[in-house]
Amino acid sequence: MRFYLSSVQLLDRDGKAFDLELHSDLPWQQSYLALIDLEDGQGPCANGTADVTAYLEGDVPAADYQALRFTLGVPFDRNHANPLTAEAPLDDPAMHWHWRSGYKFMSAGVRTVGDSFWLHVGSAGCEGTVRHVNSCRFPNRVDAELKGFVPNRDTVAIDLQALFEGVDFSDGEPDDCSSGPAEAACVAPFAALGIDFGTGKRSGRQRVFSIHR
């Protein structure tokens, strides 16, 4: 599992949001975006590397913070820029869809003894080519807000059971979801992420990310 996070904010007790300015001297972060990488390239972890990055580091004014807000996805202008000249962490070819003119916001897979499922979340229905995309019919970005989150105390948990609920791992037929408009296999995991697969827009609440203490 790997995914991009952007628009990271902390909310104080009054609900006022403060941008977390990510440290750009770390190889998996820019000031506006970070790559969370939870696989080590071992065993069935295909297309991976030995590096694992499981935290964000940045600056924010001192306050009594009580919530965390973020977007799973790459901002539109960065998503459709030239990946050949992009700086880390947007320089990973395994996380770019050249045929979609953008990045995979999330790449996640599960493999059992006789079955498997790959999930690739990213914008679809985009008009234009790299550096010249005007719009995407299906944005497919995930907005999450975790109330009660206290920085430097709490962590964010990822519920894989919720993400892959509805996927049949007993039929012996490997399947995948690549955010295409005709892929029925995308409906359940997208719903878990709080996305209406028919529109690519936010619908309901995501059930994948939560607070762990």
# chains A, B, ... in the order shown; residues from 1 in each chain; ligands from 1
$ residues_around --residues "stretch 57-69 of chain A" --least-positions-apart "3" --cutoff "7 Å" --atoms "only C-alpha atoms" --output "ChimeraX atom specification"
/A:8-13,18-23,144-150
$ closest_atom_pairs --of "stretch 40-141 of chain A" --to "stretch 193-211 of chain A" --cutoff "6 Å" --atoms "only C-alpha atoms" --output "tab-separated table"
residue	atom	partner	partner_atom	distance
A:Phe138	CA	A:Gly200	CA	4.1
A:Pro139	CA	A:Gly200	CA	5.3
A:Asn140	CA	A:Gly200	CA	4.6
$ write_last_selection --atoms "C-alpha atoms" --output "compact mmCIF listing (two decimals), in the first residue's frame"
# COMPACT_ATOMS: atom_id res chain seq x y z
CA PHE A 138 -14.07 11.74 -12.09
CA PRO A 139 -11.76 13.52 -9.57
CA ASN A 140 -11.67 10.53 -7.17
$ select_by_dssp --residues "stretch 62-97 of chain A" --states "strand (DSSP E)" --output "ChimeraX atom specification"
/A:65-72,96-97
$ write_last_selection --atoms "C-alpha atoms" --output "short mmCIF file (atom, residue, chain, number, x, y, z; two decimals), in the first residue's frame"
data_model
loop_
_atom_site.label_atom_id
_atom_site.label_comp_id
_atom_site.auth_asym_id
_atom_site.auth_seq_id
_atom_site.Cartn_x
_atom_site.Cartn_y
_atom_site.Cartn_z
CA TYR A 65 -5.40 20.85 18.22
CA GLN A 66 -8.31 18.45 18.27
CA ALA A 67 -8.69 17.17 14.69
CA LEU A 68 -6.75 16.19 11.58
CA ARG A 69 -7.88 16.87 8.02
CA PHE A 70 -6.26 15.70 4.78
CA THR A 71 -6.90 14.76 1.16
CA LEU A 72 -5.82 11.46 -0.32
CA HIS A 96 2.08 7.43 -12.37
CA TRP A 97 -0.52 6.48 -14.95
#
$ select_by_dssp --residues "stretch 2-195 of chain A" --states "helix (DSSP H, G or I)" --output "mmCIF file with N, CA and C atoms, in the first residue's frame"
data_model
loop_
_atom_site.group_PDB
_atom_site.id
_atom_site.type_symbol
_atom_site.label_atom_id
_atom_site.label_comp_id
_atom_site.auth_asym_id
_atom_site.auth_seq_id
_atom_site.Cartn_x
_atom_site.Cartn_y
_atom_site.Cartn_z
ATOM 1 N N PHE A 76 -4.660 19.052 -8.380
ATOM 2 C CA PHE A 76 -4.910 18.990 -9.817
ATOM 3 C C PHE A 76 -3.720 19.476 -10.637
ATOM 4 N N ASP A 77 -3.159 20.636 -10.313
ATOM 5 C CA ASP A 77 -2.080 21.180 -11.134
ATOM 6 C C ASP A 77 -0.838 20.308 -11.095
ATOM 7 N N ARG A 78 -0.548 19.709 -9.947
ATOM 8 C CA ARG A 78 0.610 18.827 -9.835
ATOM 9 C C ARG A 78 0.319 17.462 -10.458
ATOM 10 N N ASN A 79 -0.917 17.048 -10.405
ATOM 11 C CA ASN A 79 -1.297 15.730 -10.915
ATOM 12 C C ASN A 79 -1.055 15.618 -12.413
ATOM 13 N N PRO A 83 5.708 14.333 -15.379
ATOM 14 C CA PRO A 83 6.319 13.470 -14.358
ATOM 15 C C PRO A 83 7.815 13.268 -14.563
ATOM 16 N N LEU A 84 8.305 13.517 -15.780
ATOM 17 C CA LEU A 84 9.731 13.321 -16.073
ATOM 18 C C LEU A 84 10.592 14.392 -15.422
ATOM 19 N N THR A 85 9.999 15.527 -15.087
ATOM 20 C CA THR A 85 10.753 16.603 -14.437
ATOM 21 C C THR A 85 10.299 16.827 -12.995
ATOM 22 N N PRO A 93 7.900 6.304 -11.042
ATOM 23 C CA PRO A 93 7.107 5.889 -12.206
ATOM 24 C C PRO A 93 6.036 4.866 -11.881
ATOM 25 N N ALA A 94 6.226 4.092 -10.807
ATOM 26 C CA ALA A 94 5.221 3.094 -10.441
ATOM 27 C C ALA A 94 3.939 3.731 -9.927
ATOM 28 N N MET A 95 4.010 5.020 -9.556
ATOM 29 C CA MET A 95 2.834 5.711 -9.037
ATOM 30 C C MET A 95 2.218 6.664 -10.074
ATOM 31 N N LEU A 160 -7.915 -2.170 6.538
ATOM 32 C CA LEU A 160 -7.919 -2.893 5.268
ATOM 33 C C LEU A 160 -9.183 -3.719 5.091
ATOM 34 N N GLN A 161 -9.754 -4.189 6.200
ATOM 35 C CA GLN A 161 -10.989 -4.963 6.097
ATOM 36 C C GLN A 161 -12.110 -4.095 5.529
ATOM 37 N N ALA A 162 -12.181 -2.852 5.978
ATOM 38 C CA ALA A 162 -13.191 -1.941 5.451
ATOM 39 C C ALA A 162 -12.907 -1.597 3.995
ATOM 40 N N LEU A 163 -11.633 -1.386 3.643
ATOM 41 C CA LEU A 163 -11.276 -1.006 2.287
ATOM 42 C C LEU A 163 -11.628 -2.095 1.280
ATOM 43 N N ALA A 184 -17.008 -2.563 -12.195
ATOM 44 C CA ALA A 184 -17.903 -2.799 -11.062
ATOM 45 C C ALA A 184 -17.125 -3.114 -9.794
ATOM 46 N N ALA A 185 -15.902 -3.653 -9.942
ATOM 47 C CA ALA A 185 -15.099 -4.013 -8.777
ATOM 48 C C ALA A 185 -14.682 -2.794 -7.972
ATOM 49 N N CYS A 186 -14.823 -1.591 -8.535
ATOM 50 C CA CYS A 186 -14.417 -0.372 -7.840
ATOM 51 C C CYS A 186 -15.483 0.141 -6.864
ATOM 52 N N VAL A 187 -16.716 -0.260 -7.052
ATOM 53 C CA VAL A 187 -17.826 0.350 -6.312
ATOM 54 C C VAL A 187 -17.640 0.230 -4.804
ATOM 55 N N ALA A 188 -17.365 -0.975 -4.300
ATOM 56 C CA ALA A 188 -17.278 -1.193 -2.851
ATOM 57 C C ALA A 188 -16.075 -0.475 -2.223
ATOM 58 N N PRO A 189 -14.845 -0.638 -2.746
ATOM 59 C CA PRO A 189 -13.725 0.073 -2.118
ATOM 60 C C PRO A 189 -13.850 1.586 -2.223
ATOM 61 N N PHE A 190 -14.428 2.090 -3.306
ATOM 62 C CA PHE A 190 -14.623 3.526 -3.421
ATOM 63 C C PHE A 190 -15.622 4.018 -2.377
ATOM 64 N N ALA A 191 -16.669 3.258 -2.142
ATOM 65 C CA ALA A 191 -17.652 3.637 -1.126
ATOM 66 C C ALA A 191 -17.000 3.681 0.250
ATOM 67 N N ALA A 192 -16.087 2.743 0.526
ATOM 68 C CA ALA A 192 -15.380 2.739 1.808
ATOM 69 C C ALA A 192 -14.516 3.980 1.957
#
$ closest_residue --among "A:Asp25, A:Asp14, A:Asp168, A:Asp37" --to "A:Arg111" --atoms "only C-alpha atoms"
A:Asp168
$ atom_distance --atom1 "atom CA of A:Arg137" --atom2 "atom CA of A:Ala81"
17.8 Å
$ residues_around --residues "A:Phe169" --least-positions-apart "6" --cutoff "10 Å" --atoms "only C-alpha atoms" --output "PDB file with N, CA and C atoms, in the first residue's frame"
ATOM      1  N   VAL A 110      -4.009  -6.918  -2.137  1.00  0.00           N
ATOM      2  CA  VAL A 110      -4.130  -8.015  -1.179  1.00  0.00           C
ATOM      3  C   VAL A 110      -4.007  -9.318  -1.957  1.00  0.00           C
ATOM      4  N   ARG A 111      -3.221 -10.239  -1.432  1.00  0.00           N
ATOM      5  CA  ARG A 111      -3.070 -11.536  -2.075  1.00  0.00           C
ATOM      6  C   ARG A 111      -3.307 -12.637  -1.061  1.00  0.00           C
ATOM      7  N   THR A 112      -4.150 -13.596  -1.433  1.00  0.00           N
ATOM      8  CA  THR A 112      -4.372 -14.785  -0.615  1.00  0.00           C
ATOM      9  C   THR A 112      -3.719 -15.970  -1.312  1.00  0.00           C
ATOM     10  N   VAL A 113      -3.920 -17.163  -0.773  1.00  0.00           N
ATOM     11  CA  VAL A 113      -3.299 -18.351  -1.369  1.00  0.00           C
ATOM     12  C   VAL A 113      -3.761 -18.547  -2.810  1.00  0.00           C
ATOM     13  N   GLY A 114      -5.050 -18.316  -3.070  1.00  0.00           N
ATOM     14  CA  GLY A 114      -5.561 -18.581  -4.408  1.00  0.00           C
ATOM     15  C   GLY A 114      -6.231 -17.410  -5.085  1.00  0.00           C
ATOM     16  N   ASP A 115      -6.051 -16.207  -4.570  1.00  0.00           N
ATOM     17  CA  ASP A 115      -6.770 -15.072  -5.148  1.00  0.00           C
ATOM     18  C   ASP A 115      -6.004 -13.782  -4.849  1.00  0.00           C
ATOM     19  N   SER A 116      -6.413 -12.694  -5.506  1.00  0.00           N
ATOM     20  CA  SER A 116      -5.769 -11.403  -5.256  1.00  0.00           C
ATOM     21  C   SER A 116      -6.661 -10.277  -5.768  1.00  0.00           C
ATOM     22  N   PHE A 117      -6.373  -9.085  -5.288  1.00  0.00           N
ATOM     23  CA  PHE A 117      -7.111  -7.898  -5.732  1.00  0.00           C
ATOM     24  C   PHE A 117      -6.194  -6.692  -5.665  1.00  0.00           C
ATOM     25  N   ASP A 175      -8.718 -10.098  -9.419  1.00  0.00           N
ATOM     26  CA  ASP A 175      -9.485  -8.973  -9.950  1.00  0.00           C
ATOM     27  C   ASP A 175      -8.765  -7.677  -9.580  1.00  0.00           C
TER      28      ASP A 175
END
$ residues_around --residues "stretch 125-132 of chain A" --least-positions-apart "6" --cutoff "8 Å" --atoms "only C-alpha atoms" --output "list of chain:residue names"
A:His80, A:Ala81, A:Asn82, A:Arg100, A:Ser101, A:Gly102, A:Phe138
$ write_last_selection --atoms "C-alpha atoms" --output "PDB file, in the first residue's frame"
ATOM      1  CA  HIS A  80      -1.083  16.679 -14.573  1.00  0.00           C
ATOM      2  CA  ALA A  81       2.403  18.218 -14.691  1.00  0.00           C
ATOM      3  CA  ASN A  82       5.294  16.519 -16.470  1.00  0.00           C
ATOM      4  CA  ARG A 100      -4.394   8.596 -17.590  1.00  0.00           C
ATOM      5  CA  SER A 101      -2.048  11.614 -17.627  1.00  0.00           C
ATOM      6  CA  GLY A 102      -1.869  11.632 -13.829  1.00  0.00           C
ATOM      7  CA  PHE A 138     -14.069  11.744 -12.086  1.00  0.00           C
TER       8      PHE A 138
END
$ residues_around --residues "A:Pro89" --least-positions-apart "6" --cutoff "7 Å" --atoms "only C-alpha atoms" --output "list in words"
Pro27, Trp28, Gln29, Ala34 and Leu35 of chain A
$ decode --residues "stretch 121-210 of chain A" --atoms "C-alpha atoms" --output "short mmCIF file (atom, residue, chain, number, x, y, z; two decimals), in the first residue's frame"
data_model
loop_
_atom_site.label_atom_id
_atom_site.label_comp_id
_atom_site.auth_asym_id
_atom_site.auth_seq_id
_atom_site.Cartn_x
_atom_site.Cartn_y
_atom_site.Cartn_z
CA VAL A 121 -7.32 5.09 -7.15
CA GLY A 122 -6.78 8.15 -9.33
CA SER A 123 -8.59 10.72 -11.43
CA ALA A 124 -10.30 9.42 -14.57
CA GLY A 125 -12.11 10.84 -17.57
CA CYS A 126 -9.47 13.56 -17.96
CA GLU A 127 -9.51 15.74 -21.06
CA GLY A 128 -6.15 16.48 -22.67
CA THR A 129 -2.58 15.23 -22.30
CA VAL A 130 0.20 15.61 -19.74
CA ARG A 131 0.72 19.33 -18.95
CA HIS A 132 -2.42 20.16 -20.94
CA VAL A 133 -5.30 18.60 -18.97
CA ASN A 134 -8.25 20.95 -18.53
CA SER A 135 -10.55 18.86 -16.33
CA CYS A 136 -11.32 15.36 -15.07
CA ARG A 137 -14.86 14.02 -15.03
CA PHE A 138 -14.07 11.74 -12.09
CA PRO A 139 -11.76 13.52 -9.57
CA ASN A 140 -11.67 10.53 -7.17
CA ARG A 141 -9.95 12.40 -4.34
CA VAL A 142 -10.67 11.34 -0.78
CA ASP A 143 -11.34 13.94 1.92
CA ALA A 144 -10.93 12.78 5.51
CA GLU A 145 -11.40 14.55 8.83
CA LEU A 146 -10.55 12.74 12.06
CA LYS A 147 -12.05 14.48 15.06
CA GLY A 148 -10.29 14.05 18.39
CA PHE A 149 -6.84 13.69 16.82
CA VAL A 150 -4.01 15.11 18.95
CA PRO A 151 -0.61 15.46 17.18
CA ASN A 152 2.43 13.81 18.74
CA ARG A 153 0.08 11.52 20.67
CA ASP A 154 -2.28 9.84 18.23
CA THR A 155 -1.62 7.93 15.02
CA VAL A 156 -3.78 7.20 11.99
CA ALA A 157 -4.95 3.63 11.51
CA ILE A 158 -5.92 2.11 8.14
CA ASP A 159 -8.70 -0.47 8.10
CA LEU A 160 -7.92 -2.89 5.27
CA GLN A 161 -10.99 -4.96 6.10
CA ALA A 162 -13.19 -1.94 5.45
CA LEU A 163 -11.28 -1.01 2.29
CA PHE A 164 -11.65 -4.46 0.73
CA GLU A 165 -15.08 -5.29 2.11
CA GLY A 166 -17.21 -6.55 -0.75
CA VAL A 167 -14.28 -8.08 -2.65
CA ASP A 168 -14.67 -11.83 -3.18
CA PHE A 169 -11.42 -13.56 -2.27
CA SER A 170 -12.91 -17.05 -2.57
CA ASP A 171 -13.70 -17.28 -6.28
CA GLY A 172 -10.10 -17.98 -7.33
CA GLU A 173 -10.23 -15.21 -9.95
CA PRO A 174 -7.77 -12.32 -9.47
CA ASP A 175 -9.48 -8.97 -9.95
CA ASP A 176 -8.60 -5.30 -9.86
CA CYS A 177 -9.95 -1.76 -9.86
CA SER A 178 -8.17 0.91 -11.89
CA SER A 179 -10.72 3.71 -11.40
CA GLY A 180 -12.22 3.08 -14.83
CA PRO A 181 -15.86 4.09 -15.36
CA ALA A 182 -17.00 0.55 -16.25
CA GLU A 183 -15.30 -1.37 -13.44
CA ALA A 184 -17.90 -2.80 -11.06
CA ALA A 185 -15.10 -4.01 -8.78
CA CYS A 186 -14.42 -0.37 -7.84
CA VAL A 187 -17.83 0.35 -6.31
CA ALA A 188 -17.28 -1.19 -2.85
CA PRO A 189 -13.73 0.07 -2.12
CA PHE A 190 -14.62 3.53 -3.42
CA ALA A 191 -17.65 3.64 -1.13
CA ALA A 192 -15.38 2.74 1.81
CA LEU A 193 -13.22 5.72 0.85
CA GLY A 194 -16.26 7.99 0.75
CA ILE A 195 -16.39 8.31 -3.05
CA ASP A 196 -19.42 7.78 -5.28
CA PHE A 197 -17.85 5.70 -8.05
CA GLY A 198 -20.49 6.87 -10.52
CA THR A 199 -19.48 10.52 -10.17
CA GLY A 200 -15.97 10.42 -8.69
CA LYS A 201 -17.06 12.90 -6.03
CA ARG A 202 -17.36 12.73 -2.27
CA SER A 203 -20.35 10.77 -0.98
CA GLY A 204 -20.94 9.85 2.64
CA ARG A 205 -18.10 9.33 5.12
CA GLN A 206 -14.91 7.39 4.53
CA ARG A 207 -14.46 4.28 6.73
CA VAL A 208 -10.81 3.47 6.06
CA PHE A 209 -8.90 6.05 8.15
CA SER A 210 -9.41 6.41 11.90
#
